[in-house]
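Colleague: There's a structure below that I have some questions on.
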Amino acid sequence: MARTAEAPPQQGRGAGAALSVEGSRNLRDLGGIACADGRRLRARRVLRCGELSGLSAEGAQQLAALRLARIVDLRTPSERRRAPTTAAALAEVPRWQCTTTTPGIEPQAVIPQCFASPGCTVEVMCGLYRRLPFALAEALAALLETAVAGRAVLFHCAAGKDRTGVAAALLLALLGARRDAILADYVASQRVQALHEAKFVAGAWRDAARATPRGHWLPLLQADPRYLEAMFDAVAARHRSVAHYARDCLGQTIDIDERLREALLEW
């Protein structure tokens, strides 16, 4: 019988505590983040990461040991074809995957605009973040469906920074986390920026990256708080609050925030 690896312990109770899982990318547990009424998010209920295509057999077993109820894959079909999740240990975990490509949010559509100047790249990223809550509505509804049942869920995109960052921020906001705690989790993706940069300059955009000053495209790879603030501003402009956004865009009842807190928070 194959040995099932024990999941590694959390590295403290701070925002976005990293988990050491072999072959994972930007993986962390949101457990321990302070939310409503001083309660904290339960450990190993909500995990965020980048693509899972690099998981080793041991790493996949470590994730399987967490008894995930669902994996929510925020990537487009073409991204999944380029970097499929093939780990056998995760084959039985139910998976939500988008079936269509939403114009304007796939990396291939955004990256070409990020070589003109640093300021242009920041504006492109802010524009992307303003669109993401609405483009990802179906995926976020699937995420909330699992989370509100109090079951363990892992959600991810390619790098685990932008789409995953927006999903994490909206979930934490519904759980009553302070904005500074939400931003702290978001900017924790800076820990792996060097890895993202190395992949970027060696990948499909290597010629453009090497022919352009690094400072022009570097904001594309950064977890800049301005991006997340642009996202929250867009939600507020359309729906007044994240709770109303969840009701209006995700088909959730008006008490979704209270039900999430009951399912996921502890003293």
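Going through the structure tokens in order, the chains are called A, B, and so on, while each chain numbers its residues from 1 and the ligands are numbered from 1 in the order shown.
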Run DSSP on the backbone of this structure and report the residues of region 167-217 of chain A it assigns to helix (DSSP H, G or I), as number ranges by chain.

Modeller: A: 167-174, 179-202, 206-211, 214-217

Colleague: Show me, as a list of chain:residue names, the residues that have an atom within 6 Å of region 160-174 of chain A when counting only C-alpha atoms, minus same-chain residues fewer than 6 positions from it.

Modeller: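 Listing them by chain and then by number gives A:Cys49, A:Gly50, A:Ile182, A:Tyr186, A:Asp257.
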
Colleague: Limited to N, CA and C atoms, could you put the picked residues into a file as a CSV table (one decimal), in the first residue's frame?

Modeller:
```csv
chain,number,residue,atom,x,y,z
A,49,CYS,N,-3.0,28.7,-4.0
A,49,CYS,CA,-1.7,28.4,-4.6
A,49,CYS,C,-1.7,28.7,-6.1
A,50,GLY,N,-0.5,28.4,-6.7
A,50,GLY,CA,-0.4,28.5,-8.1
A,50,GLY,C,-0.7,27.1,-8.7
A,182,ILE,N,-6.1,41.6,4.8
A,182,ILE,CA,-6.3,41.1,3.4
A,182,ILE,C,-5.1,41.5,2.6
A,186,TYR,N,-2.3,39.2,0.5
A,186,TYR,CA,-2.0,39.4,-0.9
A,186,TYR,C,-0.6,39.6,-1.2
A,257,ASP,N,-22.3,36.1,4.4
A,257,ASP,CA,-21.1,36.4,5.2
A,257,ASP,C,-21.3,35.7,6.6
```

Colleague: Could you work out how far CA of Ala223 (chain A) lies from CA of Gln193 (chain A), giving the answer in Å with one decimal?

Modeller: 8.5 Å

Colleague: Of the candidates A:Tyr245, A:Phe232, A:Tyr227, A:Tyr129, which shows the shortest atom-to-atom distance to Ile105 (chain A), using only C-alpha atoms?

Modeller: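 Closest residue, counting only C-alpha atoms: A:Tyr129.
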
Colleague: Within 12 Å of region 202-206 of chain A, counting only C-alpha atoms, which residues qualify if same-chain residues fewer than 5 places away don't, as a list in words?

Modeller: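 These residues fall inside the cut-off: Arg82, Pro107, Gln108, Val110, Ile111, Pro112, Gln113, Cys114, Phe115, Leu195, His196, Glu197, Ala211, Thr212, Arg214 and Trp217 of chain A.
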
Colleague: List the neighbours of region 142-145 of chain A out to 9 Å using only C-alpha atoms; skip same-chain residues closer than 5 positions along the sequence, and give me the result as an NGL selection string.

Modeller: :A and (70-72 or 96 or 137 or 153-155 or 167 or 171 or 250 or 252 or 256 or 260)

Colleague: Tell me which protein, DNA and RNA residues are within 10 Å of region 14-29 of chain A, counting only C-alpha atoms, leaving out same-chain ones fewer than 4 positions away, and put them as a PyMOL selection string.

Modeller: chain A and resi 7-10+33-34+41-63+154-156+158-161+168+181-193+195-196

Colleague: Determine which residues of region 108-265 of chain A receive a DSSP assignment of strand (DSSP E or B), computed from the backbone, and state them as a list in words.

Modeller: Val153, Leu154, Phe155, His156 and Leu265 of chain A

Colleague: CA of Arg261 (chain A) to CA of Ala36 (chain A): how many Å, to one decimal?

Modeller: 7.5 Å

Colleague: May I ask which of the residues A:Ala147, A:Ala83, A:Ala246, A:Val122 is the closest one to Leu265 (chain A), counting only C-alpha atoms?

Modeller: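 Selected residue with least distance to Leu265 (chain A): A:Ala147.
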
Colleague: So how many Å separate CA of Leu228 (chain A) and CA of Glu266 (chain A), to one decimal?

Modeller: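 Between these atoms lies a distance of 26.4 Å.
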
Colleague: Neighbouring residues of Ala234 (chain A) were defined as those with any atom within 9 Å, considering only C-alpha atoms; residues of the same chain fewer than 5 positions away were excluded. Please report them as a PyMOL selection string.

Modeller: chain A and resi 129-131+133+229+239

Colleague: Measuring between only C-alpha atoms, which one of A:Ala237, A:Ala243, A:Cys157, A:Leu140 shows the shortest distance to Pro77 (chain A)?

Modeller: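 With only C-alpha atoms as the atom set, the closest residue is A:Cys157.
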
Colleague: Name the residues in contact with Ala263 (chain A) at a cut-off of 7 Å, using only C-alpha atoms, excluding same-chain residues fewer than 3 positions from it; report them as JSON, numbers by chain.

Modeller: {"A": [148, 149, 150, 259, 260]}

Colleague: How would the residues just chosen look if you wrote them out with C-alpha atoms as an mmCIF file, in the first residue's frame?

Modeller:
```
data_model
loop_
_atom_site.group_PDB
_atom_site.id
_atom_site.type_symbol
_atom_site.label_atom_id
_atom_site.label_comp_id
_atom_site.auth_asym_id
_atom_site.auth_seq_id
_atom_site.Cartn_x
_atom_site.Cartn_y
_atom_site.Cartn_z
ATOM 1 C CA VAL A 148 -19.841 27.696 3.390
ATOM 2 C CA ALA A 149 -20.242 23.953 3.972
ATOM 3 C CA GLY A 150 -17.135 24.122 6.148
ATOM 4 C CA ARG A 259 -22.926 31.555 7.199
ATOM 5 C CA LEU A 260 -19.311 31.626 6.061
#
```

Colleague: Which residue is closest to Leu218 (chain A)? Choose from A:Gly38, A:Pro103, A:Gly119, A:Gly31 and count only C-alpha atoms.

Modeller: A:Gly119
